Every structure is written in C-alpha cells, then in structure tokens.
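Asks: Data file work_24.cif (mmCIF, C-alpha atoms) is appended below.
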```cif
data_upload
#
loop_
_atom_site.label_atom_id
_atom_site.label_comp_id
_atom_site.auth_asym_id
_atom_site.auth_seq_id
_atom_site.Cartn_x
_atom_site.Cartn_y
_atom_site.Cartn_z
CA MET A 3 77.71 -120.85 -225.96
CA VAL A 4 77.10 -120.96 -222.20
CA LYS A 5 80.64 -122.14 -221.68
CA GLU A 6 82.30 -119.58 -223.94
CA ILE A 7 80.43 -116.67 -222.34
CA GLU A 8 81.30 -117.96 -218.88
CA ARG A 9 84.92 -118.38 -219.98
CA ALA A 10 84.95 -114.62 -220.57
CA GLY A 11 84.10 -114.13 -216.90
CA PHE A 12 80.31 -113.70 -216.81
CA PRO A 13 78.14 -115.81 -214.55
CA VAL A 14 75.63 -117.48 -216.89
CA VAL A 15 72.43 -119.21 -215.92
CA HIS A 16 71.26 -121.75 -218.49
CA MET A 17 67.47 -122.05 -218.67
CA CYS A 18 66.61 -125.18 -220.62
CA THR A 19 64.35 -128.20 -220.62
CA VAL A 20 66.74 -131.05 -221.44
CA VAL A 21 69.02 -130.79 -218.40
CA PRO A 22 71.26 -133.75 -219.37
CA ILE A 23 72.31 -131.87 -222.52
CA SER A 24 73.06 -128.77 -220.48
CA LEU A 25 75.23 -130.86 -218.14
CA THR A 26 77.03 -132.40 -221.12
CA VAL A 27 77.84 -129.05 -222.73
CA GLY A 28 79.23 -127.77 -219.44
CA ALA A 29 76.77 -125.21 -218.05
CA ASN A 30 77.47 -124.48 -214.38
CA ARG A 31 74.20 -122.89 -213.27
CA ILE A 32 71.17 -124.69 -214.69
CA VAL A 33 67.48 -123.90 -214.20
CA PRO A 34 65.18 -126.59 -215.65
CA THR A 35 62.29 -125.22 -217.69
CA VAL A 36 58.87 -126.33 -218.89
CA ALA A 37 59.05 -127.85 -222.38
CA ILE A 38 61.21 -127.77 -225.49
CA PRO A 39 58.97 -125.54 -227.67
CA TYR A 40 58.03 -123.25 -224.72
CA PRO A 41 60.74 -123.33 -222.06
CA LEU A 42 59.37 -120.25 -220.29
CA GLY A 43 55.66 -120.67 -220.74
CA ASN A 44 52.78 -123.07 -220.92
CA PRO A 45 50.07 -122.48 -223.52
CA ALA A 46 47.67 -124.65 -221.51
CA LEU A 47 47.51 -121.99 -218.78
CA SER A 48 45.70 -118.64 -218.75
CA MET A 49 47.83 -115.63 -219.72
CA GLU A 50 48.06 -114.57 -216.06
CA ASP A 51 49.05 -117.99 -214.75
CA GLU A 52 51.54 -118.45 -217.56
CA LYS A 53 53.21 -115.14 -216.76
CA GLU A 54 53.32 -116.07 -213.07
CA LEU A 55 55.04 -119.35 -214.01
CA ARG A 56 57.56 -117.42 -216.11
CA ARG A 57 58.16 -114.95 -213.29
CA LYS A 58 58.92 -117.81 -210.88
CA LEU A 59 61.41 -119.36 -213.29
CA VAL A 60 63.16 -116.04 -213.93
CA LYS A 61 63.35 -115.37 -210.17
CA LYS A 62 64.94 -118.77 -209.74
CA ALA A 63 67.44 -117.90 -212.48
CA LEU A 64 68.32 -114.60 -210.83
CA LYS A 65 68.79 -116.38 -207.51
CA ALA A 66 71.13 -118.80 -209.29
CA LEU A 67 73.19 -115.85 -210.54
CA GLU A 68 73.57 -114.68 -206.93
CA THR A 69 74.57 -118.13 -205.67
CA PRO A 70 78.22 -119.19 -205.44
CA VAL A 71 78.76 -122.62 -207.02
CA SER A 72 81.89 -124.74 -207.18
CA GLU A 73 80.55 -127.32 -209.62
CA GLN A 74 77.71 -127.86 -212.08
CA THR A 75 74.52 -127.14 -210.17
CA VAL A 76 70.89 -127.73 -211.10
CA PHE A 77 68.66 -125.27 -209.26
CA MET B 27 66.14 -168.05 -239.46
CA GLY B 28 68.55 -165.27 -238.62
CA ILE B 29 68.72 -163.14 -235.52
CA LYS B 30 65.83 -160.97 -234.31
CA VAL B 31 66.23 -157.21 -234.41
CA VAL B 32 64.10 -154.39 -233.00
CA HIS B 33 64.60 -150.92 -234.48
CA TYR B 34 64.02 -147.65 -232.55
CA ILE B 35 63.32 -144.47 -234.56
CA ASN B 36 61.71 -141.04 -234.02
CA GLN B 37 58.43 -139.63 -235.33
CA PHE B 38 60.12 -138.14 -238.38
CA TYR B 39 61.76 -141.31 -239.66
CA GLY B 40 58.68 -143.26 -238.60
CA GLY B 41 56.65 -141.27 -241.11
CA ILE B 42 54.37 -139.81 -238.41
CA GLY B 43 55.29 -136.18 -239.01
CA GLY B 44 57.75 -133.36 -238.31
CA GLU B 45 58.10 -131.08 -235.31
CA ASP B 46 54.32 -130.76 -235.02
CA LYS B 47 54.29 -134.46 -234.12
CA ALA B 48 57.34 -134.42 -231.84
CA ASP B 49 55.08 -135.09 -228.85
CA TYR B 50 54.05 -138.48 -230.32
CA THR B 51 53.86 -141.17 -227.63
CA PRO B 52 55.67 -144.53 -228.13
CA GLU B 53 54.17 -146.91 -230.63
CA LYS B 54 55.27 -150.34 -231.83
CA VAL B 55 54.61 -151.45 -235.38
CA ALA B 56 55.36 -154.80 -236.99
CA GLY B 57 58.21 -154.96 -239.50
CA VAL B 58 60.32 -152.14 -240.91
CA LYS B 59 59.76 -148.40 -241.23
CA GLY B 60 61.85 -145.67 -242.89
CA PRO B 61 65.59 -146.38 -242.54
CA GLY B 62 64.69 -149.89 -241.36
CA MET B 63 64.17 -150.81 -245.01
CA GLY B 64 67.78 -150.02 -245.81
CA LEU B 65 68.94 -151.89 -242.72
CA GLN B 66 66.88 -154.95 -243.60
CA ALA B 67 68.39 -154.99 -247.10
CA ILE B 68 71.88 -155.24 -245.61
CA LEU B 69 70.91 -157.70 -242.86
CA GLY B 70 69.52 -160.03 -245.56
CA ASP B 71 68.78 -163.56 -244.38
CA GLU B 72 71.05 -163.22 -241.37
CA GLY B 73 68.75 -160.95 -239.41
CA LYS B 74 65.14 -159.81 -239.39
CA ILE B 75 63.71 -156.56 -238.04
CA THR B 76 60.58 -157.95 -236.44
CA SER B 77 59.25 -154.64 -235.22
CA THR B 78 59.93 -150.93 -235.04
CA VAL B 79 59.37 -148.71 -232.01
CA ILE B 80 58.57 -145.09 -232.83
CA CYS B 81 58.60 -142.20 -230.34
CA GLY B 82 58.41 -138.42 -230.71
CA ASP B 83 61.66 -136.66 -229.80
CA SER B 84 60.07 -133.99 -227.61
CA TYR B 85 57.83 -136.52 -225.87
CA PHE B 86 60.84 -138.66 -225.06
CA ASN B 87 63.02 -135.84 -223.72
CA GLU B 88 60.25 -134.24 -221.69
CA ASN B 89 59.00 -137.54 -220.20
CA VAL B 90 62.13 -139.67 -220.04
CA ASP B 91 61.09 -142.09 -217.27
CA GLU B 92 57.63 -142.71 -218.61
CA ALA B 93 58.84 -143.05 -222.20
CA LEU B 94 61.61 -145.45 -221.23
CA ASP B 95 59.22 -147.67 -219.25
CA THR B 96 56.89 -148.02 -222.21
CA ILE B 97 59.65 -148.47 -224.79
CA ILE B 98 61.54 -151.05 -222.73
CA LYS B 99 58.33 -153.03 -222.28
CA MET B 100 57.65 -152.91 -226.03
CA ILE B 101 61.17 -154.10 -226.82
CA SER B 102 61.26 -156.84 -224.17
CA GLU B 103 58.04 -158.37 -225.56
CA GLU B 104 59.90 -158.99 -228.82
CA ASN B 105 62.84 -160.66 -227.08
CA PRO B 106 65.31 -159.53 -229.77
CA ASP B 107 68.96 -160.54 -230.10
CA VAL B 108 70.03 -156.98 -230.78
CA VAL B 109 68.46 -153.50 -230.86
CA ILE B 110 69.32 -150.80 -233.39
CA ALA B 111 68.53 -147.16 -232.52
CA GLY B 112 68.63 -144.44 -235.15
CA PRO B 113 70.88 -143.35 -236.79
CA ALA B 114 70.29 -139.83 -235.43
CA PHE B 115 73.01 -137.89 -237.30
CA ASN B 116 73.11 -134.38 -235.75
CA ALA B 117 69.57 -134.31 -234.36
CA GLY B 118 70.16 -133.58 -230.67
CA ARG B 119 66.94 -134.78 -229.04
CA TYR B 120 66.85 -137.86 -231.28
CA GLY B 121 70.46 -138.66 -230.41
CA VAL B 122 69.77 -138.37 -226.69
CA ALA B 123 66.70 -140.59 -227.09
CA CYS B 124 68.65 -143.25 -229.02
CA GLY B 125 71.36 -143.23 -226.37
CA ALA B 126 68.98 -143.36 -223.42
CA VAL B 127 66.91 -146.17 -224.96
CA GLY B 128 70.12 -148.03 -225.76
CA LYS B 129 71.51 -147.70 -222.27
CA ALA B 130 68.25 -148.90 -220.71
CA VAL B 131 68.07 -151.89 -223.07
CA VAL B 132 71.61 -152.92 -222.16
CA GLU B 133 71.07 -152.46 -218.43
CA LYS B 134 67.53 -153.76 -218.01
CA LEU B 135 67.26 -156.39 -220.75
CA ASN B 136 70.92 -157.29 -221.19
CA ILE B 137 70.55 -157.07 -224.97
CA PRO B 138 73.31 -155.42 -227.05
CA VAL B 139 72.54 -152.12 -228.79
CA VAL B 140 74.05 -150.29 -231.71
CA SER B 141 73.21 -146.72 -232.65
CA GLY B 142 74.77 -144.13 -234.91
CA MET B 143 75.17 -140.37 -234.78
CA TYR B 144 77.42 -137.42 -235.56
CA ASN B 145 80.22 -136.93 -233.06
CA GLU B 146 78.93 -133.47 -232.03
CA ASN B 147 75.46 -134.82 -231.24
CA PRO B 148 75.08 -134.38 -227.44
CA GLY B 149 73.80 -137.96 -227.27
CA ALA B 150 77.23 -139.18 -228.43
CA ASP B 151 79.17 -137.91 -225.43
CA MET B 152 76.39 -138.91 -223.08
CA TYR B 153 76.02 -142.52 -224.16
CA LYS B 154 79.01 -143.66 -226.24
CA LYS B 155 80.35 -145.65 -223.30
CA ASP B 156 77.07 -147.47 -222.74
CA ILE B 157 76.29 -148.68 -226.26
CA TYR B 158 78.05 -149.16 -229.60
CA MET B 159 77.82 -145.82 -231.37
CA ILE B 160 78.74 -145.70 -235.06
CA GLU B 161 80.17 -142.31 -236.02
CA THR B 162 78.06 -140.89 -238.85
CA ALA B 163 77.93 -137.77 -241.02
CA ASN B 164 76.01 -134.77 -239.65
CA SER B 165 72.97 -135.23 -241.87
CA ALA B 166 70.84 -137.93 -243.40
CA ALA B 167 72.87 -137.51 -246.60
CA GLY B 168 75.18 -139.96 -244.82
CA MET B 169 72.42 -142.55 -244.34
CA LYS B 170 73.81 -145.16 -246.72
CA ASP B 171 77.26 -145.08 -245.19
CA ALA B 172 75.83 -145.14 -241.65
CA LEU B 173 73.61 -148.17 -242.34
CA SER B 174 76.48 -150.01 -244.03
CA LYS B 175 78.38 -149.87 -240.72
CA ILE B 176 75.46 -150.27 -238.30
CA ALA B 177 73.99 -153.41 -239.88
CA PRO B 178 77.16 -155.58 -239.89
CA LEU B 179 77.98 -154.55 -236.31
CA ALA B 180 74.42 -155.38 -235.24
CA LEU B 181 74.75 -158.84 -236.81
CA LYS B 182 77.99 -159.50 -234.95
CA LEU B 183 76.50 -158.31 -231.66
CA GLY B 184 73.30 -160.26 -232.17
CA LYS B 185 75.19 -163.47 -232.91
CA GLY B 186 77.53 -162.93 -229.99
CA GLU B 187 80.61 -162.74 -232.21
CA ALA B 188 83.81 -160.97 -231.18
CA ILE B 189 83.79 -157.21 -231.81
CA GLY B 190 86.85 -155.55 -233.30
CA THR B 191 88.46 -152.26 -232.30
CA PRO B 192 86.64 -148.93 -232.69
CA GLU B 193 88.76 -148.16 -235.78
CA ALA B 194 87.98 -151.50 -237.41
CA GLU B 195 84.23 -151.43 -236.76
CA GLY B 196 83.61 -147.68 -237.01
CA TYR B 197 82.17 -147.13 -233.52
CA MET B 198 83.21 -144.43 -231.08
CA PRO B 199 85.79 -145.53 -228.48
CA ARG B 200 83.99 -146.73 -225.35
CA GLY B 201 86.86 -146.35 -222.94
CA VAL B 202 87.27 -150.12 -222.68
CA ARG B 203 90.81 -151.43 -222.27
CA LYS B 204 91.66 -154.92 -223.42
CA ASN B 205 94.82 -156.89 -222.77
CA ILE B 206 96.61 -157.98 -225.94
CA PHE B 207 99.94 -159.61 -226.72
CA CYS B 208 102.52 -157.53 -228.60
CA GLU B 209 105.74 -158.56 -230.29
CA GLU B 210 107.72 -155.93 -228.45
CA ARG B 211 107.71 -155.20 -224.74
CA GLY B 212 106.21 -151.98 -223.37
CA ALA B 213 109.48 -150.24 -222.54
CA LYS B 214 110.72 -150.66 -226.08
CA ARG B 215 107.44 -149.43 -227.57
CA ALA B 216 107.49 -146.38 -225.30
CA VAL B 217 111.05 -145.46 -226.32
CA ASN B 218 110.15 -145.96 -229.99
CA LEU B 219 107.24 -143.56 -229.58
CA LEU B 220 109.49 -141.02 -227.85
CA ILE B 221 112.08 -141.20 -230.61
CA LYS B 222 109.41 -140.70 -233.25
CA LYS B 223 108.13 -137.69 -231.33
CA ILE B 224 111.62 -136.19 -231.00
CA ASN B 225 112.19 -136.70 -234.72
CA GLY B 226 108.92 -134.95 -235.45
CA GLU B 227 107.49 -138.08 -237.10
CA GLY B 228 103.87 -139.12 -236.83
CA PHE B 229 103.10 -141.50 -233.97
CA GLU B 230 100.01 -142.99 -232.44
CA THR B 231 99.69 -143.19 -228.68
CA GLU B 232 98.56 -146.47 -227.16
CA TYR B 233 96.56 -144.63 -224.53
CA PRO B 234 94.91 -141.41 -225.66
CA MET B 235 94.07 -139.02 -222.85
CA PRO B 236 90.46 -137.90 -222.57
CA VAL B 237 89.82 -134.27 -223.44
CA PHE B 238 87.97 -132.32 -220.77
CA ASP B 239 86.89 -128.86 -221.74
CA ARG B 240 85.29 -127.46 -218.65
CA VAL B 241 84.99 -123.87 -217.58
CA ASP B 242 85.02 -123.07 -213.86
CA PRO B 243 81.87 -121.37 -212.61
CA ALA B 244 82.18 -117.60 -212.65
CA GLU B 245 81.76 -115.66 -209.42
CA PRO B 246 78.12 -114.88 -208.66
CA VAL B 247 76.79 -111.34 -208.70
CA GLN B 248 76.37 -109.79 -205.26
CA ASP B 249 72.94 -108.29 -205.74
CA VAL B 250 70.75 -108.71 -208.82
CA THR B 251 68.94 -105.47 -208.01
CA LYS B 252 72.12 -103.57 -208.83
CA VAL B 253 73.44 -105.31 -211.94
CA LYS B 254 72.93 -105.29 -215.68
CA ILE B 255 71.56 -108.52 -217.11
CA ALA B 256 71.73 -109.59 -220.77
CA LEU B 257 69.52 -112.11 -222.55
CA VAL B 258 71.06 -114.64 -224.93
CA SER B 259 69.29 -117.56 -226.60
CA SER B 260 69.95 -120.56 -228.81
CA GLY B 261 66.20 -120.95 -229.34
CA GLY B 262 66.21 -118.68 -232.37
CA PRO B 263 64.15 -115.71 -231.10
CA VAL B 264 64.28 -112.98 -233.76
CA PRO B 265 62.36 -109.84 -234.70
CA LYS B 266 59.32 -110.46 -236.89
CA SER B 267 60.30 -111.84 -240.34
CA ASN B 268 63.85 -112.72 -239.26
CA PRO B 269 65.61 -109.70 -240.83
CA ASP B 270 69.09 -111.25 -240.95
CA ARG B 271 67.79 -114.58 -242.24
CA ILE B 272 69.34 -116.66 -239.48
CA GLU B 273 69.16 -120.23 -240.78
CA ALA B 274 66.58 -122.65 -239.33
CA SER B 275 69.35 -125.19 -238.83
CA SER B 276 73.15 -125.25 -238.97
CA ALA B 277 73.24 -121.51 -238.29
CA SER B 278 76.16 -119.59 -239.80
CA LYS B 279 75.43 -116.40 -237.84
CA TYR B 280 73.91 -114.88 -234.75
CA GLY B 281 71.77 -111.76 -234.38
CA LYS B 282 71.97 -108.78 -232.02
CA TYR B 283 68.64 -107.00 -231.65
CA SER B 284 67.50 -104.00 -229.65
CA ILE B 285 64.75 -104.35 -227.08
CA ALA B 286 64.90 -100.68 -226.13
CA GLY B 287 61.40 -99.41 -225.39
CA MET B 288 59.86 -102.89 -225.69
CA ASP B 289 57.86 -104.26 -222.78
CA ASN B 290 57.02 -107.66 -224.17
CA PHE B 291 56.83 -109.77 -227.29
CA ASP B 292 53.74 -110.43 -229.37
CA PRO B 293 53.22 -111.86 -232.87
CA SER B 294 53.97 -108.44 -234.42
CA ASN B 295 57.47 -108.00 -233.01
CA GLY B 296 58.95 -111.44 -232.51
CA GLU B 297 59.06 -115.01 -233.77
CA THR B 298 61.43 -117.94 -233.80
CA ALA B 299 63.80 -118.85 -236.63
CA HIS B 300 64.52 -122.27 -235.10
CA GLY B 301 63.65 -125.23 -237.33
CA GLY B 302 64.14 -127.90 -234.69
CA TYR B 303 60.96 -127.55 -232.66
CA ASP B 304 57.31 -126.73 -233.28
CA PRO B 305 57.35 -122.89 -233.66
CA VAL B 306 53.64 -122.34 -232.97
CA TYR B 307 54.01 -121.44 -229.27
CA ALA B 308 57.05 -119.19 -229.70
CA ASN B 309 55.42 -117.36 -232.59
CA GLN B 310 52.29 -116.71 -230.50
CA ASP B 311 54.33 -115.23 -227.66
CA LEU B 312 58.12 -115.07 -227.86
CA ASP B 313 58.28 -114.33 -224.11
CA ARG B 314 57.95 -118.11 -223.83
CA VAL B 315 61.50 -118.37 -225.17
CA LEU B 316 62.98 -115.03 -224.09
CA PRO B 317 61.30 -113.76 -220.90
CA LEU B 318 61.29 -110.06 -221.77
CA ASP B 319 57.90 -109.24 -220.23
CA VAL B 320 58.66 -110.35 -216.68
CA LEU B 321 62.20 -108.95 -216.74
CA ARG B 322 60.86 -105.55 -217.78
CA GLU B 323 58.41 -105.61 -214.88
CA MET B 324 61.13 -106.68 -212.49
CA GLU B 325 63.35 -103.92 -213.83
CA SER B 326 60.71 -101.26 -213.24
CA ASN B 327 59.88 -102.44 -209.72
CA GLY B 328 63.54 -102.75 -208.76
CA GLU B 329 63.87 -106.54 -208.58
CA VAL B 330 66.67 -106.42 -211.18
CA GLY B 331 69.10 -103.61 -211.82
CA SER B 332 68.70 -103.21 -215.56
CA LEU B 333 68.24 -105.17 -218.74
CA HIS B 334 70.88 -104.78 -221.45
CA GLU B 335 69.56 -102.91 -224.48
CA PHE B 336 70.20 -105.81 -226.88
CA TYR B 337 69.55 -109.52 -226.93
CA TYR B 338 71.74 -112.00 -228.77
CA THR B 339 70.37 -114.98 -230.58
CA THR B 340 71.14 -117.89 -232.81
CA VAL B 341 69.57 -121.18 -233.79
CA GLY B 342 71.05 -124.10 -231.88
CA ASN B 343 69.82 -126.74 -234.31
CA GLY B 344 72.61 -128.82 -235.77
CA THR B 345 74.84 -125.76 -235.45
CA SER B 346 78.49 -126.77 -235.19
CA VAL B 347 80.40 -126.43 -231.95
CA ALA B 348 82.97 -124.33 -233.82
CA ASN B 349 80.34 -121.80 -234.93
CA SER B 350 78.72 -121.67 -231.50
CA LYS B 351 82.10 -120.97 -229.91
CA LYS B 352 82.82 -118.21 -232.39
CA PHE B 353 79.41 -116.57 -231.87
CA ALA B 354 79.69 -116.70 -228.09
CA THR B 355 83.22 -115.31 -228.05
CA GLU B 356 82.07 -112.30 -230.07
CA ILE B 357 78.94 -111.90 -227.95
CA ALA B 358 81.03 -111.99 -224.76
CA GLN B 359 83.27 -109.18 -226.07
CA ASP B 360 80.23 -107.10 -226.83
CA LEU B 361 78.77 -107.77 -223.38
CA LYS B 362 82.03 -106.68 -221.78
CA ALA B 363 82.12 -103.46 -223.75
CA ALA B 364 78.53 -102.75 -222.69
CA GLY B 365 79.23 -103.28 -218.98
CA VAL B 366 76.95 -106.30 -218.61
CA ASP B 367 77.35 -108.22 -215.32
CA ALA B 368 75.50 -111.49 -215.84
CA VAL B 369 73.72 -113.50 -218.52
CA ILE B 370 70.49 -115.47 -218.78
CA LEU B 371 70.81 -117.93 -221.67
CA THR B 372 67.70 -119.80 -222.78
CA SER B 373 67.63 -122.96 -224.90
CA THR B 374 64.80 -124.88 -226.45
#
```
What's the structure tokens form of this structure?
Replies:
Amino acid sequence: MVKEIERAGFPVVHMCTVVPISLTVGANRIVPTVAIPYPLGNPALSMEDEKELRRKLVKKALKALETPVSEQTVF
Amino acid sequence: MGIKVVHYINQFYGGIGGEDKADYTPEKVAGVKGPGMGLQAILGDEGKITSTVICGDSYFNENVDEALDTIIKMISEENPDVVIAGPAFNAGRYGVACGAVGKAVVEKLNIPVVSGMYNENPGADMYKKDIYMIETANSAAGMKDALSKIAPLALKLGKGEAIGTPEAEGYMPRGVRKNIFCEERGAKRAVNLLIKKINGEGFETEYPMPVFDRVDPAEPVQDVTKVKIALVSSGGPVPKSNPDRIEASSASKYGKYSIAGMDNFDPSNGETAHGGYDPVYANQDLDRVLPLDVLREMESNGEVGSLHEFYYTTVGNGTSVANSKKFATEIAQDLKAAGVDAVILTST
C-alpha cells in the first residue's frame, strides 16, 4: 500500500515495528515503532508518558516527510 | 538410525496459544509438536525429529537478536543434520522468523535448512536465497502438500545428497547458477528461442530476469505546518463494531471513515478489526495504532497544517498483494481529489 500511494506522487512515511518487512515491500521513508500490537504506544507507561512517546514518534514521521531521500531510509 | 532433525515452529503450531501468546519466549521440547507429527510420519526411519523449538512470532520479531541467540544455542546443542522451519504459509511474522532462524543456522552452524511458505509471505523474498524455501499454499489447508515436499528435501539435505532444480524439488529459485552440459551449443539454443518467440510459440528462457518493483521516493513536503496530512493504516483500525465488517484476515475491502470533530480514540469510538495480533491494546486506545490524539493537538497548535477529514484502513493480515494494490490505488485517487499533500501509514 505504501508503494502504490507513493507511486501516485505522495510522500509516504511508513510507521511500523518490523522494519525488514517495510524494506522488503519497498517503503522509502520508514520510522521504526514500539511493538506489533501497539506501534504508537506502550501500555506499560502512564497515559502522559505514553502520549509523549507517541508525540515523539509522530514528530519524527513529520520530519521524515520534510526530508529529501534518494533511497530507502530508516529514520 | 536415520538423520537428526530439529523443527522450528511458532507459538500457535506449538500449541501454546494464539495472538495472546505471541510474546512467548523460545522454548525447546523433546520430540515432535503440531505439524512435526506429519513430518515425522513422512521421514519414517530415515530421519528423527529429536526436538522442537517453539517461539512466539511477536517476541521473535520484536527481539530478533536476543531470540536468535537463544534459538541458535538450543539448536546447536542438538547437533542436527538438518533443520526444518515452519511451514509458515501466509503468516508474515512467522515467515520472517522461519527465514531468519534458517539463515542464522546456515551461517553460524553450517547446517542445511528447509522451510516452506506462500510466495507472497514477506519472509519468502527476504530469505529464499539463504535457505531452501518450499512454495506452499497461502493457508494451513495446504499443510499436507507442504509437508510432502519439505520432508523429502530435508532428508536429501540431511544426508548430503545432491539437490535437484527448483522445479524438480518444489523450492523457490535461490539465484544459484550451475554449469551443465547441453546437447546443443548456446548460439543454437538462443536462435531456437528467438524463432519460437517470433512464431508466437511458448518458450522458456534459460536465464529469467529478476523483477524489481520499486517506486522512487516522492518529493518531500516543504513545510509540514502548511500541508494536509492523511492517515492510512494496515493495522485494521475501524469505528466501534467494525461497521463495514472488514475481515480479520485476507481482507477483501478497505474502509474510509470520518474523524471530523474527533480529538482522540477511546473504547467507545474505535477498535481494531485485525486478526493477526493481540487486539487488547488497540481496543483500549486506538491512538496506539492511529495517532489521532497527538496529530489533533499538533494541528491546533500549528505544528501541522491540517489533518484530512477521513482515515483509510484495511487489515494487512494475509491480504493479497493484488488486493492491497487495488485498495491503495483507489485511496490515492481519493487523496488527490481531497488535496492531501502527504501520508502517514501505520502498520502493526
């Protein structure tokens, strides 16, 4: 899906936990995440800390969307 | 006494449990478990599965180095002649685990490995050059057929016998070229192929070209504070009670859902339809899969331009590449029409 949306001209940042799969399917901007059942969270943390973690990951993703890349890049 | 075999399987086939046990740490048990019984029946007197190593799929993929260290140690203690991993069919994390274990066994222990999986399993492309990978059906309905190819190949590998071509043995081509003698010289064979092609007859190339389907990276956005961002996910986030009944695996459709006026997800307005991971955490707070809450805050304090009114979602669990392509092509058209500039796509 990442590839087909990017083919249409959109920069796509793929946020996922298993980075090798993302590389295999051809994502170009990859932000590694926390865990398979909760990529953008961590139930072991307090609500506040969990949200802060999520905010950091999303900021990283937005930065990736602003960054020119010429090949598959893991941020 | 036949050859010694160690079998690697996941928590599901090991009888430990489903997705709720996917974080199961590696364990070695004596003898056969699950599909190992079928394998042992085919191996007969020629080979014996002395032990089975079981590991949870999520644990493996989230702790690859640690998991591999433990698993390799467990396998090396058995000193087997061959290792069988899987078969994994279309289970992505399981396929990657089988491939990674296989590659490490070959490289670190110098023991041959045979696995089996569906050709669209991501583990197939990642590891088919490192180990012998039998091509299987996309579900465990193909178990009997898969085992009937895996076991004989394992016996040959374990005994050090010559291995036939991918077509003859049923494994995926490994990109290995072998010199052979032919009746006719190369120039003549090439011209024969050309003539067949010109005549529109069927012909089989002696050197198939690899297929690379890569998309060049799109241009970045200049300034995220001025653009419209859309959320897309293969992790199955859906409104409460999954109104369009997106399937838990092998999805035949995607959903488009409004987030207008919503500041975050909670158990009353969102859950996951995905059947390939433990849904407890996503159902408690879907922001863990689709980060609506922080994006809304960033939108209101000017850190991002705006968030597209809809999110797009499907279940990336055994879903075919063809379906995924079709969904994404339609989603991309919709995004264009809505003036979206960039996409955050989350996967579980």
Asks: I'd like the contact shell of Ala364 (chain B) - 10 Å cut-off, all atoms listed in the file, skipping same-chain residues fewer than 3 positions apart - returned as a list in words.
Replies: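 Final neighbour list, sorted by chain and number: Lys254, Ala256, His334, Glu335, Phe336, Ala358, Gln359, Asp360, Leu361 and Asp367 of chain B.
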Asks: Within 10 Å of Pro45 (chain A), counting all atoms listed in the file, which residues show up once you throw out same-chain ones fewer than 5 positions away? Write them as a PyMOL selection string, please.
Replies: (chain A and resi 40+51-52) or (chain B and resi 307-308+310-311+314)
Asks: Selected residues, C-alpha atoms, written as an mmCIF file, in the frame of the given file, please.
Replies:
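Listing of part_39.cif after writing:
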```
data_model
loop_
_atom_site.group_PDB
_atom_site.id
_atom_site.type_symbol
_atom_site.label_atom_id
_atom_site.label_comp_id
_atom_site.auth_asym_id
_atom_site.auth_seq_id
_atom_site.Cartn_x
_atom_site.Cartn_y
_atom_site.Cartn_z
ATOM 1 C CA TYR A 40 58.030 -123.250 -224.720
ATOM 2 C CA ASP A 51 49.050 -117.990 -214.750
ATOM 3 C CA GLU A 52 51.540 -118.450 -217.560
ATOM 4 C CA TYR B 307 54.010 -121.440 -229.270
ATOM 5 C CA ALA B 308 57.050 -119.190 -229.700
ATOM 6 C CA GLN B 310 52.290 -116.710 -230.500
ATOM 7 C CA ASP B 311 54.330 -115.230 -227.660
ATOM 8 C CA ARG B 314 57.950 -118.110 -223.830
#
```
Asks: Pick out the closest residue to chain B from this set: A:Ser48, A:Ser72, A:Pro34, A:Val21. Count all atoms listed in the file.
Replies: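 Ranking A:Ser48, A:Ser72, A:Pro34, A:Val21 by distance to chain B, first place goes to A:Ser72.
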Asks: Please provide as a tab-separated table (two decimals) with C-alpha atoms, in the coordinates of the input all residues within 12 Å of Leu179 (chain B), with the sequence filter that same-chain residues fewer than 4 positions apart are discarded (counting all atoms listed in the file).
Replies:
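Result written to part27.tsv:
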```tsv
chain	number	residue	atom	x	y	z
B	65	LEU	CA	68.94	-151.89	-242.72
B	68	ILE	CA	71.88	-155.24	-245.61
B	69	LEU	CA	70.91	-157.70	-242.86
B	73	GLY	CA	68.75	-160.95	-239.41
B	108	VAL	CA	70.03	-156.98	-230.78
B	109	VAL	CA	68.46	-153.50	-230.86
B	110	ILE	CA	69.32	-150.80	-233.39
B	138	PRO	CA	73.31	-155.42	-227.05
B	139	VAL	CA	72.54	-152.12	-228.79
B	140	VAL	CA	74.05	-150.29	-231.71
B	141	SER	CA	73.21	-146.72	-232.65
B	142	GLY	CA	74.77	-144.13	-234.91
B	157	ILE	CA	76.29	-148.68	-226.26
B	158	TYR	CA	78.05	-149.16	-229.60
B	159	MET	CA	77.82	-145.82	-231.37
B	160	ILE	CA	78.74	-145.70	-235.06
B	172	ALA	CA	75.83	-145.14	-241.65
B	173	LEU	CA	73.61	-148.17	-242.34
B	174	SER	CA	76.48	-150.01	-244.03
B	175	LYS	CA	78.38	-149.87	-240.72
B	183	LEU	CA	76.50	-158.31	-231.66
B	184	GLY	CA	73.30	-160.26	-232.17
B	185	LYS	CA	75.19	-163.47	-232.91
B	186	GLY	CA	77.53	-162.93	-229.99
B	187	GLU	CA	80.61	-162.74	-232.21
B	188	ALA	CA	83.81	-160.97	-231.18
B	189	ILE	CA	83.79	-157.21	-231.81
B	190	GLY	CA	86.85	-155.55	-233.30
B	191	THR	CA	88.46	-152.26	-232.30
B	192	PRO	CA	86.64	-148.93	-232.69
B	194	ALA	CA	87.98	-151.50	-237.41
B	195	GLU	CA	84.23	-151.43	-236.76
B	196	GLY	CA	83.61	-147.68	-237.01
B	197	TYR	CA	82.17	-147.13	-233.52
```
Asks: Check every residue of chain B for an atom within 7 Å of chain A, counting all atoms listed in the file, and provide those that qualify as a ChimeraX atom specification.
Replies: /B:84,87-88,148,152,240-241,243-250,303-305,307-308,314-315,317,320,350-351,354-355,358,367-374
Asks: To one decimal in Å, tell me the separation between CA of Ala114 (chain B) and CA of Gly40 (chain B).
Replies: 12.5 Å
Asks: So which residues get picked by the PyMOL selection byres ((chain B and resi 337) around 6) here, written as a short mmCIF file (atom, residue, chain, number, x, y, z; two decimals) with C-alpha atoms, in the frame of the given file?
Replies:
```
data_model
loop_
_atom_site.label_atom_id
_atom_site.label_comp_id
_atom_site.auth_asym_id
_atom_site.auth_seq_id
_atom_site.Cartn_x
_atom_site.Cartn_y
_atom_site.Cartn_z
CA LEU B 257 69.52 -112.11 -222.55
CA VAL B 258 71.06 -114.64 -224.93
CA LYS B 282 71.97 -108.78 -232.02
CA TYR B 283 68.64 -107.00 -231.65
CA PHE B 336 70.20 -105.81 -226.88
CA TYR B 338 71.74 -112.00 -228.77
#
```
Asks: List the neighbours of region 41-55 of chain B out to 7 Å using only C-alpha atoms; skip same-chain residues closer than 4 positions along the sequence, and give me the result as a list in words.
Replies: Gln37, Ser77, Thr78, Val79, Ile80, Cys81, Gly82, Asp83, Ser84, Tyr85, Ala93, Thr96, Ile97, Met100, Gly302, Tyr303 and Asp304 of chain B
Asks: To one decimal in Å, tell me the separation between CA of Gly262 (chain B) and CA of Asn116 (chain B).
Replies: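 The value is 17.5 Å.
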Asks: Given all atoms listed in the file as the basis, pick out the residue of B:Val202, B:Ser294, B:Val341, B:Pro263 nearest to Pro234 (chain B).
Replies: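 Smallest separation from Pro234 (chain B) among the options: B:Val202.
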Asks: One decimal, in Å: what's the spacing between CA of Ala163 (chain B) and CA of Asn136 (chain B)?
Replies: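 So the two atoms, CA of Ala163 (chain B) and CA of Asn136 (chain B), lie 28.7 Å apart.
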